[in-house]
file my_file.tsv (TSV, C-alpha atoms)
chain	number	residue	atom	x	y	z
F	1	MET	CA	32.94	1.76	-51.25
F	2	ILE	CA	29.47	2.55	-52.65
F	3	ALA	CA	26.36	2.86	-50.53
F	4	MET	CA	22.87	2.76	-52.01
F	5	LYS	CA	20.20	5.36	-51.49
F	6	GLN	CA	16.78	5.81	-53.01
F	7	GLY	CA	17.05	7.48	-56.41
F	8	GLY	CA	20.74	6.75	-56.98
F	9	PHE	CA	24.16	6.18	-55.45
F	10	VAL	CA	26.29	8.01	-52.94
F	11	MET	CA	29.84	7.39	-51.90
F	12	ALA	CA	30.28	6.19	-48.36
F	13	GLN	CA	33.92	7.27	-48.28
F	14	GLY	CA	36.95	8.02	-50.48
F	15	ARG	CA	37.33	9.53	-53.93
F	16	VAL	CA	35.11	8.21	-56.72
F	17	THR	CA	37.03	6.13	-59.25
F	18	ILE	CA	36.17	4.79	-62.67
F	19	SER	CA	35.92	1.32	-61.08
F	20	ASP	CA	33.20	2.65	-58.73
F	21	VAL	CA	31.18	3.89	-61.69
F	22	ALA	CA	31.62	0.57	-63.51
F	23	LEU	CA	30.49	-1.37	-60.42
F	24	ALA	CA	27.43	0.83	-59.94
F	25	ALA	CA	26.50	0.61	-63.63
F	26	GLY	CA	27.14	-3.13	-63.87
F	27	VAL	CA	29.55	-2.75	-66.78
F	28	SER	CA	33.28	-3.04	-67.36
F	29	VAL	CA	35.77	-0.25	-66.69
F	30	SER	CA	36.58	-0.05	-70.42
F	31	THR	CA	32.89	0.49	-71.22
F	32	VAL	CA	32.75	3.38	-68.76
F	33	SER	CA	35.91	4.85	-70.28
F	34	ARG	CA	34.45	4.70	-73.79
F	35	ALA	CA	31.08	6.07	-72.66
F	36	LEU	CA	32.71	9.13	-71.09
F	37	SER	CA	35.47	9.83	-73.61
F	38	ARG	CA	34.11	8.41	-76.90
F	39	PRO	CA	30.34	7.93	-76.43
F	40	GLY	CA	29.81	7.20	-80.11
F	41	ARG	CA	31.40	3.78	-79.59
F	42	VAL	CA	28.90	2.73	-76.90
F	43	ASN	CA	25.19	2.04	-77.14
F	44	ALA	CA	23.41	5.38	-76.71
F	45	GLU	CA	21.19	4.24	-73.83
F	46	THR	CA	24.10	2.60	-72.04
F	47	ALA	CA	26.24	5.71	-72.42
F	48	LYS	CA	23.44	7.91	-71.10
F	49	ARG	CA	22.92	5.66	-68.07
F	50	ILE	CA	26.65	5.62	-67.30
F	51	ARG	CA	26.88	9.40	-67.48
F	52	LEU	CA	23.90	9.76	-65.11
F	53	ILE	CA	25.46	7.36	-62.61
F	54	ALA	CA	28.84	9.11	-62.88
F	55	ASP	CA	27.17	12.46	-62.17
F	56	GLU	CA	25.24	11.00	-59.24
F	57	LEU	CA	28.43	9.60	-57.74
F	58	GLY	CA	30.31	12.84	-58.25
F	59	TYR	CA	32.79	11.32	-60.69
F	60	ARG	CA	34.74	13.85	-62.78
F	61	ASN	CA	35.76	13.26	-66.40
F	62	GLU	CA	39.32	14.38	-65.76
F	63	THR	CA	39.82	11.17	-63.81
F	64	VAL	CA	39.16	9.07	-66.91
F	65	GLU	CA	42.21	7.01	-67.76
F	66	PRO	CA	44.50	8.82	-70.21
F	67	PHE	CA	44.56	7.90	-73.86
F	68	SER	CA	46.97	5.17	-74.81
F	69	ARG	CA	48.77	5.49	-78.14
F	70	ASP	CA	48.24	1.76	-78.66
F	71	GLN	CA	44.51	1.96	-78.03
F	72	PRO	CA	42.50	2.23	-81.30
F	73	SER	CA	40.46	5.40	-81.62
F	74	GLY	CA	38.29	4.44	-84.58
F	75	LEU	CA	39.37	7.62	-86.38
F	76	ILE	CA	41.25	8.29	-89.60
F	77	ALA	CA	42.93	11.70	-89.97
F	78	ALA	CA	42.98	13.35	-93.40
F	79	PHE	CA	45.36	16.29	-93.80
F	80	VAL	CA	44.34	18.59	-96.66
F	81	ALA	CA	46.29	21.52	-98.08
F	82	ASP	CA	43.35	23.94	-98.27
F	83	LEU	CA	39.67	23.17	-97.67
F	84	ARG	CA	38.70	26.34	-99.54
F	85	ASN	CA	39.68	24.49	-102.71
F	86	PRO	CA	36.62	22.44	-103.79
F	87	LEU	CA	38.74	19.51	-104.93
F	88	PHE	CA	39.86	18.85	-101.35
F	89	SER	CA	36.25	18.97	-100.18
F	90	ASP	CA	35.35	16.38	-102.84
F	91	ILE	CA	38.16	14.02	-101.95
F	92	ALA	CA	37.56	14.38	-98.18
F	93	HIS	CA	33.87	13.63	-98.77
F	94	SER	CA	34.82	10.46	-100.66
F	95	ILE	CA	37.28	9.40	-97.93
F	96	GLN	CA	34.61	9.89	-95.27
F	97	HIS	CA	32.10	7.70	-97.11
F	98	GLU	CA	34.63	4.88	-97.40
F	99	CYS	CA	35.58	5.29	-93.71
F	100	LEU	CA	31.94	5.09	-92.62
F	101	ARG	CA	31.39	1.98	-94.72
F	102	ASN	CA	34.22	0.38	-92.74
F	103	GLY	CA	33.17	1.62	-89.31
F	104	TYR	CA	35.64	4.51	-89.01
F	105	GLY	CA	35.15	8.20	-88.37
F	106	LEU	CA	37.10	10.89	-90.21
F	107	MET	CA	39.04	13.79	-88.71
F	108	ILE	CA	39.77	16.49	-91.32
F	109	VAL	CA	42.78	18.74	-90.70
F	110	ASP	CA	43.23	21.86	-92.86
F	111	THR	CA	46.92	22.77	-93.07
F	112	GLU	CA	46.29	26.05	-94.94
F	113	GLU	CA	49.12	25.40	-97.42
F	114	GLY	CA	51.64	25.78	-94.58
F	115	ASN	CA	54.38	23.23	-93.91
F	116	VAL	CA	55.10	24.62	-90.42
F	117	LEU	CA	51.42	24.44	-89.47
F	118	GLU	CA	51.14	20.97	-90.99
F	119	ARG	CA	54.03	19.68	-88.87
F	120	LYS	CA	52.50	21.15	-85.72
F	121	LEU	CA	49.04	19.73	-86.46
F	122	ALA	CA	50.51	16.30	-87.25
F	123	SER	CA	52.21	16.26	-83.85
F	124	LEU	CA	49.01	17.29	-82.08
F	125	THR	CA	46.89	14.77	-83.97
F	126	LEU	CA	49.24	11.79	-83.76
F	127	PRO	CA	47.82	10.27	-80.53
F	128	HIS	CA	44.21	10.59	-81.64
F	129	ALA	CA	43.98	8.76	-84.99
F	130	ASP	CA	44.61	5.19	-86.11
F	131	GLY	CA	45.91	6.21	-89.54
F	132	PHE	CA	46.88	9.30	-91.52
F	133	ALA	CA	46.07	10.29	-95.10
F	134	PHE	CA	48.14	13.23	-96.36
F	135	LEU	CA	46.51	15.02	-99.30
F	136	SER	CA	48.95	17.13	-101.31
F	137	SER	CA	51.17	17.43	-98.25
F	138	ARG	CA	53.68	20.30	-98.10
F	139	VAL	CA	56.00	18.91	-95.39
F	140	SER	CA	59.27	17.10	-95.98
F	141	ASP	CA	59.61	13.38	-96.58
F	142	ALA	CA	61.43	13.13	-93.23
F	143	THR	CA	58.41	14.55	-91.40
F	144	ILE	CA	56.08	12.12	-93.14
F	145	ARG	CA	58.32	9.17	-92.28
F	146	LYS	CA	58.40	10.25	-88.64
F	147	VAL	CA	54.59	10.03	-88.53
F	148	ALA	CA	54.76	6.66	-90.33
F	149	GLN	CA	57.01	5.28	-87.60
F	150	ALA	CA	54.09	5.63	-85.18
F	151	LYS	CA	50.95	5.15	-87.31
F	152	PRO	CA	49.97	3.87	-90.78
F	153	VAL	CA	50.31	6.59	-93.44
F	154	LEU	CA	48.85	6.89	-96.94
F	155	MET	CA	50.00	9.59	-99.37
F	156	VAL	CA	47.51	11.18	-101.78
F	157	ASN	CA	48.68	13.19	-104.79
F	158	ARG	CA	52.30	12.74	-103.72
F	159	THR	CA	54.87	9.98	-103.38
F	160	VAL	CA	57.23	9.26	-100.50
F	161	ARG	CA	59.66	6.39	-100.90
F	162	GLY	CA	58.61	3.38	-98.85
F	163	LEU	CA	55.02	4.53	-98.28
F	164	GLN	CA	51.82	3.61	-100.06
F	165	SER	CA	50.39	6.34	-102.29
F	166	VAL	CA	47.56	7.16	-104.68
F	167	ILE	CA	48.47	9.65	-107.39
F	168	ALA	CA	47.15	11.12	-110.62
F	169	ASP	CA	49.18	10.87	-113.82
F	170	GLY	CA	48.84	14.26	-115.48
F	171	THR	CA	50.79	13.21	-118.56
F	172	LYS	CA	47.80	12.13	-120.64
F	173	GLY	CA	45.55	15.07	-119.77
F	174	ILE	CA	48.34	17.65	-120.20
F	175	GLY	CA	49.30	16.07	-123.52
F	176	GLU	CA	45.70	16.37	-124.69
F	177	ALA	CA	45.62	20.01	-123.56
F	178	VAL	CA	48.75	20.91	-125.54
F	179	ASP	CA	47.45	19.01	-128.58
F	180	LEU	CA	44.21	21.02	-128.39
F	181	LEU	CA	46.08	24.32	-128.27
F	182	GLU	CA	48.45	23.29	-131.03
F	183	GLY	CA	45.51	22.30	-133.21
F	184	LEU	CA	44.05	25.77	-132.65
F	185	GLY	CA	47.26	27.36	-133.92
F	186	HIS	CA	48.89	28.31	-130.62
F	187	ARG	CA	52.68	28.28	-130.70
F	188	GLU	CA	53.36	29.78	-127.26
F	189	ILE	CA	52.02	29.00	-123.79
F	190	THR	CA	52.47	30.66	-120.41
F	191	TYR	CA	52.39	28.42	-117.35
F	192	LEU	CA	51.08	29.87	-114.07
F	193	ALA	CA	53.10	27.89	-111.53
F	194	GLY	CA	51.79	26.61	-108.21
F	195	PRO	CA	53.44	26.32	-104.76
F	196	GLU	CA	57.12	25.44	-104.83
F	197	ALA	CA	56.59	22.84	-102.07
F	198	SER	CA	53.87	21.05	-104.05
F	199	TRP	CA	54.75	17.65	-105.49
F	200	SER	CA	52.05	18.16	-108.12
F	201	GLU	CA	53.65	21.44	-109.20
F	202	SER	CA	56.84	19.61	-110.12
F	203	THR	CA	55.14	16.75	-111.97
F	204	ARG	CA	52.76	19.05	-113.90
F	205	TRP	CA	55.56	21.36	-114.98
F	206	GLN	CA	57.73	18.45	-116.10
F	207	ALA	CA	54.89	16.92	-118.14
F	208	LEU	CA	54.02	20.27	-119.71
F	209	TYR	CA	57.66	21.10	-120.46
F	210	ALA	CA	58.28	17.71	-122.09
F	211	LYS	CA	55.16	17.93	-124.24
F	212	CYS	CA	55.82	21.52	-125.37
F	213	SER	CA	59.42	20.63	-126.20
F	214	SER	CA	58.36	17.70	-128.37
F	215	SER	CA	55.69	19.85	-130.06
F	216	ARG	CA	58.13	22.78	-130.53
F	217	ILE	CA	55.86	25.15	-128.63
F	218	ARG	CA	57.46	28.05	-126.75
F	219	LEU	CA	56.83	27.80	-123.03
F	220	ARG	CA	57.32	30.52	-120.43
F	221	ARG	CA	56.65	30.34	-116.72
F	222	ILE	CA	55.32	32.76	-114.09
F	223	ASP	CA	56.32	31.86	-110.53
F	224	GLY	CA	55.27	33.16	-107.15
F	225	SER	CA	51.50	32.84	-107.29
F	226	ALA	CA	49.33	31.23	-104.60
F	227	PRO	CA	47.16	28.30	-105.83
F	228	THR	CA	43.99	30.39	-105.40
F	229	GLY	CA	41.77	32.70	-107.41
F	230	LYS	CA	43.64	35.67	-105.97
F	231	GLY	CA	46.94	34.08	-106.95
F	232	GLY	CA	45.73	33.74	-110.53
F	233	ALA	CA	44.58	37.35	-110.58
F	234	ASN	CA	47.94	38.51	-109.22
F	235	ALA	CA	49.72	36.81	-112.13
F	236	VAL	CA	48.01	39.02	-114.72
F	237	ASP	CA	50.51	41.89	-114.47
F	238	ALA	CA	53.45	39.59	-115.20
F	239	PHE	CA	51.53	37.96	-118.02
F	240	LEU	CA	50.56	41.23	-119.74
F	241	GLY	CA	54.19	42.33	-119.58
F	242	ASN	CA	55.05	39.49	-121.97
F	243	PRO	CA	51.79	37.91	-123.16
F	244	THR	CA	51.26	34.68	-125.05
F	245	THR	CA	48.19	33.44	-126.91
F	246	ALA	CA	47.53	30.64	-124.42
F	247	VAL	CA	47.83	30.02	-120.67
F	248	PHE	CA	47.95	26.81	-118.66
F	249	ALA	CA	47.34	27.24	-114.92
F	250	TYR	CA	48.53	25.01	-112.08
F	251	ASN	CA	44.92	24.55	-110.98
F	252	ASP	CA	41.37	25.63	-111.79
F	253	LEU	CA	41.15	28.24	-109.04
F	254	MET	CA	44.16	30.08	-110.44
F	255	ALA	CA	42.73	29.83	-113.95
F	256	ILE	CA	39.38	31.27	-112.83
F	257	GLY	CA	41.00	34.16	-110.97
F	258	PHE	CA	43.25	34.84	-113.96
F	259	ILE	CA	40.29	34.91	-116.37
F	260	ASN	CA	38.25	37.20	-114.14
F	261	GLU	CA	41.11	39.68	-113.83
F	262	LEU	CA	41.75	39.66	-117.58
F	263	ARG	CA	38.09	40.42	-118.23
F	264	GLU	CA	38.20	43.26	-115.70
F	265	ARG	CA	41.00	44.75	-117.81
F	266	GLY	CA	39.12	44.31	-121.07
F	267	VAL	CA	41.03	41.26	-122.33
F	268	ASP	CA	38.73	38.73	-123.98
F	269	VAL	CA	38.87	35.03	-123.09
F	270	PRO	CA	39.07	33.05	-125.29
F	271	GLY	CA	39.10	35.67	-128.07
F	272	SER	CA	42.50	37.09	-127.14
F	273	VAL	CA	43.83	34.46	-124.74
F	274	SER	CA	42.97	30.76	-124.39
F	275	VAL	CA	43.11	29.40	-120.83
F	276	ILE	CA	43.25	25.83	-119.47
F	277	GLY	CA	43.13	24.83	-115.81
F	278	PHE	CA	43.91	21.64	-113.93
F	279	ASP	CA	41.66	19.62	-111.56
F	280	GLY	CA	38.26	19.61	-113.27
F	281	ILE	CA	36.36	21.07	-110.29
F	282	GLU	CA	32.63	21.67	-110.70
F	283	LEU	CA	33.08	25.42	-110.28
F	284	GLY	CA	34.86	25.49	-113.62
F	285	SER	CA	31.67	24.44	-115.41
F	286	LEU	CA	29.64	27.16	-113.69
F	287	ILE	CA	31.63	30.23	-114.73
F	288	SER	CA	31.20	31.95	-118.08
F	289	PRO	CA	32.93	31.04	-120.30
F	290	ALA	CA	33.12	27.52	-118.85
F	291	LEU	CA	36.70	26.51	-118.08
F	292	THR	CA	38.55	23.92	-120.14
F	293	SER	CA	40.48	21.79	-117.66
F	294	VAL	CA	42.57	18.66	-117.16
F	295	ALA	CA	40.32	16.60	-114.88
F	296	THR	CA	41.49	14.25	-112.15
F	297	PRO	CA	39.20	11.53	-110.68
F	298	TRP	CA	39.43	12.97	-107.17
F	299	ARG	CA	36.53	11.02	-105.71
F	300	GLU	CA	37.98	7.72	-106.89
F	301	MET	CA	41.32	8.77	-105.43
F	302	GLY	CA	39.59	9.39	-102.11
F	303	ARG	CA	37.82	6.05	-102.13
F	304	GLN	CA	40.95	4.06	-102.97
F	305	SER	CA	43.06	6.03	-100.50
F	306	ALA	CA	40.68	5.36	-97.61
F	307	LYS	CA	40.45	1.67	-98.50
F	308	LEU	CA	44.23	1.22	-98.65
F	309	LEU	CA	44.78	3.11	-95.40
F	310	ILE	CA	42.11	1.14	-93.53
F	311	ASP	CA	43.72	-2.07	-94.82
F	312	GLN	CA	46.98	-0.90	-93.26
F	313	VAL	CA	45.27	-0.01	-89.98
F	314	ARG	CA	43.68	-3.46	-89.89
F	315	HIS	CA	46.99	-5.09	-90.84
F	316	ARG	CA	45.56	-6.44	-94.08
F	317	SER	CA	48.20	-4.83	-96.32
F	318	VAL	CA	50.86	-7.08	-97.77
F	319	GLY	CA	53.99	-4.95	-97.96
F	320	ILE	CA	54.18	-1.64	-99.81
F	321	SER	CA	53.13	-1.92	-103.44
F	322	ARG	CA	53.74	0.51	-106.26
F	323	PRO	CA	51.70	3.73	-106.25
F	324	VAL	CA	48.11	3.45	-107.41
F	325	VAL	CA	48.06	5.67	-110.50
F	326	LEU	CA	44.83	7.12	-111.90
F	327	PRO	CA	44.68	8.82	-115.31
F	328	THR	CA	43.67	12.39	-116.11
F	329	ARG	CA	41.66	13.57	-119.09
F	330	LEU	CA	40.93	16.85	-120.83
F	331	LEU	CA	37.50	18.44	-120.36
F	332	VAL	CA	37.01	20.70	-123.38
F	333	ARG	CA	34.69	23.59	-122.59
F	334	GLU	CA	34.67	27.21	-123.69
F	335	THR	CA	37.95	28.94	-122.76
F	336	CYS	CA	39.97	27.86	-125.79
F	337	ALA	CA	39.74	29.32	-129.31
F	338	PRO	CA	41.97	29.67	-132.39
F	339	ALA	CA	45.08	31.77	-131.87
F	340	LYS	CA	45.14	35.26	-133.29

call {"tool": "encode", "arguments": {"input": "my_file.tsv", "output": "structure tokens"}}
result
Amino acid sequence: MIAMKQGGFVMAQGRVTISDVALAAGVSVSTVSRALSRPGRVNAETAKRIRLIADELGYRNETVEPFSRDQPSGLIAAFVADLRNPLFSDIAHSIQHECLRNGYGLMIVDTEEGNVLERKLASLTLPHADGFAFLSSRVSDATIRKVAQAKPVLMVNRTVRGLQSVIADGTKGIGEAVDLLEGLGHREITYLAGPEASWSESTRWQALYAKCSSSRIRLRRIDGSAPTGKGGANAVDAFLGNPTTAVFAYNDLMAIGFINELRERGVDVPGSVSVIGFDGIELGSLISPALTSVATPWREMGRQSAKLLIDQVRHRSVGISRPVVLPTRLLVRETCAPAK
């Protein structure tokens, strides 16, 4: 029971409950719950007034009703493989804009290229988001499907049977890259491979292998490098042990690290070695020489991914359609030259 006093409220007897706060504030219990646990979903002045009343009554936040898995949170969770890679920042930025346009917030989860960490973070995040976007996920299909049993899931840059996805088709861009090198007289290419658990690694290698085979270009592969600048630099020793006139890297960060390490050792790019990356990140245009790269429309992928996922969350999706496929294209810059 609540008794009035000048300047506020005091409890006459018993423990303060959320219903007491709602009665004193003249609002519903659900409004009090939102004001204390998710104030962004309540009018700012109303939330402030409720918090003041709760403090005056001696109400403690730990008595707020626990989160219900069925209760919408207004949040979309985006799992990204590595936020240090600018492409994931670009796509997360695009997803956030689309979420905001539709009245949703975005929770970004960096899995640091680790499938064990990704599984743990997915479990921790599951109760707190209405839908999940997995960007270049490294976990198994079974793990993804387990999440999808509880919440809507959208795959980005990867396919999982039975789930909606948005992917890039590297075939066109990789074909253009090989054609460029072939036209410059290159008859051998080294591929700097990416993470074994990466879906993109498999599709890029297959497209490159098929194109080189049809063009009768010798292709060798260097495994075991991280998809980072350091990973690219670490591949230089293996490359110099059996060099080729051209190199195609799993992504731009590897290509940039590879180029920098070659230059440190006195190897000229593109004079001695031509290098092509994959992703088309802005950083590639800022280095010298500027990096030739197969570009993916990451921002458009982010926009479409967020839209499709929100449609699922709002139950507007009609079944699971085929993957949304966006094309790649070759950005010709300065790291390719005629073979010597």

call {"tool": "residues_around", "arguments": {"input": "my_file.tsv", "residues": "Pro270 (chain F)", "least_positions_apart": "5", "cutoff": "8 Å", "atoms": "all atoms listed in the file", "output": "JSON, numbers by chain"}}
result
{"F": [275, 334, 335, 336, 337]}

call {"tool": "atom_distance", "arguments": {"input": "my_file.tsv", "atom1": "CA of Thr17 (chain F)", "atom2": "CA of Gly105 (chain F)"}}
result
29.3 Å

call {"tool": "atom_distance", "arguments": {"input": "my_file.tsv", "atom1": "CA of Ser140 (chain F)", "atom2": "CA of Val109 (chain F)"}}
result
17.4 Å

call {"tool": "atom_distance", "arguments": {"input": "my_file.tsv", "atom1": "CA of Phe132 (chain F)", "atom2": "CA of Leu309 (chain F)"}}
result
7.6 Å

call {"tool": "residues_around", "arguments": {"input": "my_file.tsv", "residues": "region 288-304 of chain F", "least_positions_apart": "4", "cutoff": "8 Å", "atoms": "all atoms listed in the file", "output": "PDB file with C-alpha atoms, keeping the file's coordinate frame"}}
result
ATOM      1  CA  LEU F  87      38.740  19.510-104.930  1.00  0.00           C
ATOM      2  CA  ASP F  90      35.350  16.380-102.840  1.00  0.00           C
ATOM      3  CA  ILE F  91      38.160  14.020-101.950  1.00  0.00           C
ATOM      4  CA  ALA F  92      37.560  14.380 -98.180  1.00  0.00           C
ATOM      5  CA  HIS F  93      33.870  13.630 -98.770  1.00  0.00           C
ATOM      6  CA  SER F  94      34.820  10.460-100.660  1.00  0.00           C
ATOM      7  CA  ILE F  95      37.280   9.400 -97.930  1.00  0.00           C
ATOM      8  CA  HIS F  97      32.100   7.700 -97.110  1.00  0.00           C
ATOM      9  CA  GLU F  98      34.630   4.880 -97.400  1.00  0.00           C
ATOM     10  CA  VAL F 156      47.510  11.180-101.780  1.00  0.00           C
ATOM     11  CA  VAL F 166      47.560   7.160-104.680  1.00  0.00           C
ATOM     12  CA  ILE F 167      48.470   9.650-107.390  1.00  0.00           C
ATOM     13  CA  ALA F 168      47.150  11.120-110.620  1.00  0.00           C
ATOM     14  CA  GLY F 170      48.840  14.260-115.480  1.00  0.00           C
ATOM     15  CA  GLY F 173      45.550  15.070-119.770  1.00  0.00           C
ATOM     16  CA  ILE F 174      48.340  17.650-120.200  1.00  0.00           C
ATOM     17  CA  ALA F 177      45.620  20.010-123.560  1.00  0.00           C
ATOM     18  CA  ASP F 252      41.370  25.630-111.790  1.00  0.00           C
ATOM     19  CA  ILE F 256      39.380  31.270-112.830  1.00  0.00           C
ATOM     20  CA  VAL F 269      38.870  35.030-123.090  1.00  0.00           C
ATOM     21  CA  VAL F 275      43.110  29.400-120.830  1.00  0.00           C
ATOM     22  CA  ILE F 276      43.250  25.830-119.470  1.00  0.00           C
ATOM     23  CA  GLY F 277      43.130  24.830-115.810  1.00  0.00           C
ATOM     24  CA  PHE F 278      43.910  21.640-113.930  1.00  0.00           C
ATOM     25  CA  ASP F 279      41.660  19.620-111.560  1.00  0.00           C
ATOM     26  CA  GLY F 280      38.260  19.610-113.270  1.00  0.00           C
ATOM     27  CA  ILE F 281      36.360  21.070-110.290  1.00  0.00           C
ATOM     28  CA  GLY F 284      34.860  25.490-113.620  1.00  0.00           C
ATOM     29  CA  LEU F 308      44.230   1.220 -98.650  1.00  0.00           C
ATOM     30  CA  LEU F 326      44.830   7.120-111.900  1.00  0.00           C
ATOM     31  CA  PRO F 327      44.680   8.820-115.310  1.00  0.00           C
ATOM     32  CA  THR F 328      43.670  12.390-116.110  1.00  0.00           C
ATOM     33  CA  ARG F 329      41.660  13.570-119.090  1.00  0.00           C
ATOM     34  CA  LEU F 330      40.930  16.850-120.830  1.00  0.00           C
ATOM     35  CA  LEU F 331      37.500  18.440-120.360  1.00  0.00           C
ATOM     36  CA  VAL F 332      37.010  20.700-123.380  1.00  0.00           C
ATOM     37  CA  ARG F 333      34.690  23.590-122.590  1.00  0.00           C
ATOM     38  CA  GLU F 334      34.670  27.210-123.690  1.00  0.00           C
ATOM     39  CA  THR F 335      37.950  28.940-122.760  1.00  0.00           C
ATOM     40  CA  CYS F 336      39.970  27.860-125.790  1.00  0.00           C
TER      41      CYS F 336
END

call {"tool": "residues_around", "arguments": {"input": "my_file.tsv", "residues": "Leu52 (chain F)", "least_positions_apart": "3", "cutoff": "12 Å", "atoms": "all atoms listed in the file", "output": "VMD selection string"}}
result
chain F and resid 7 to 9 21 24 to 25 32 35 to 36 45 to 49 55 to 60

call {"tool": "closest_residue", "arguments": {"input": "my_file.tsv", "among": "F:Val324, F:Asn85, F:Ser198, F:Leu219", "to": "Met254 (chain F)", "atoms": "only C-alpha atoms"}}
result
F:Asn85

call {"tool": "closest_residue", "arguments": {"input": "my_file.tsv", "among": "F:Lys172, F:Arg220, F:Arg101, F:Arg119", "to": "Tyr191 (chain F)", "atoms": "only C-alpha atoms"}}
result
F:Arg220

call {"tool": "closest_residue", "arguments": {"input": "my_file.tsv", "among": "F:Ile189, F:Val247, F:Leu154, F:Ile259", "to": "Asn234 (chain F)", "atoms": "all atoms listed in the file"}}
result
F:Ile259

call {"tool": "closest_residue", "arguments": {"input": "my_file.tsv", "among": "F:Gln206, F:Ser89, F:Thr190, F:Asn43", "to": "Leu240 (chain F)", "atoms": "only C-alpha atoms"}}
result
F:Thr190

call {"tool": "closest_residue", "arguments": {"input": "my_file.tsv", "among": "F:Arg145, F:Glu118, F:Thr111, F:Thr171", "to": "Thr203 (chain F)", "atoms": "all atoms listed in the file"}}
result
F:Thr171

call {"tool": "closest_residue", "arguments": {"input": "my_file.tsv", "among": "F:Leu124, F:Ala207, F:Cys212, F:Val267", "to": "Glu188 (chain F)", "atoms": "all atoms listed in the file"}}
result
F:Cys212
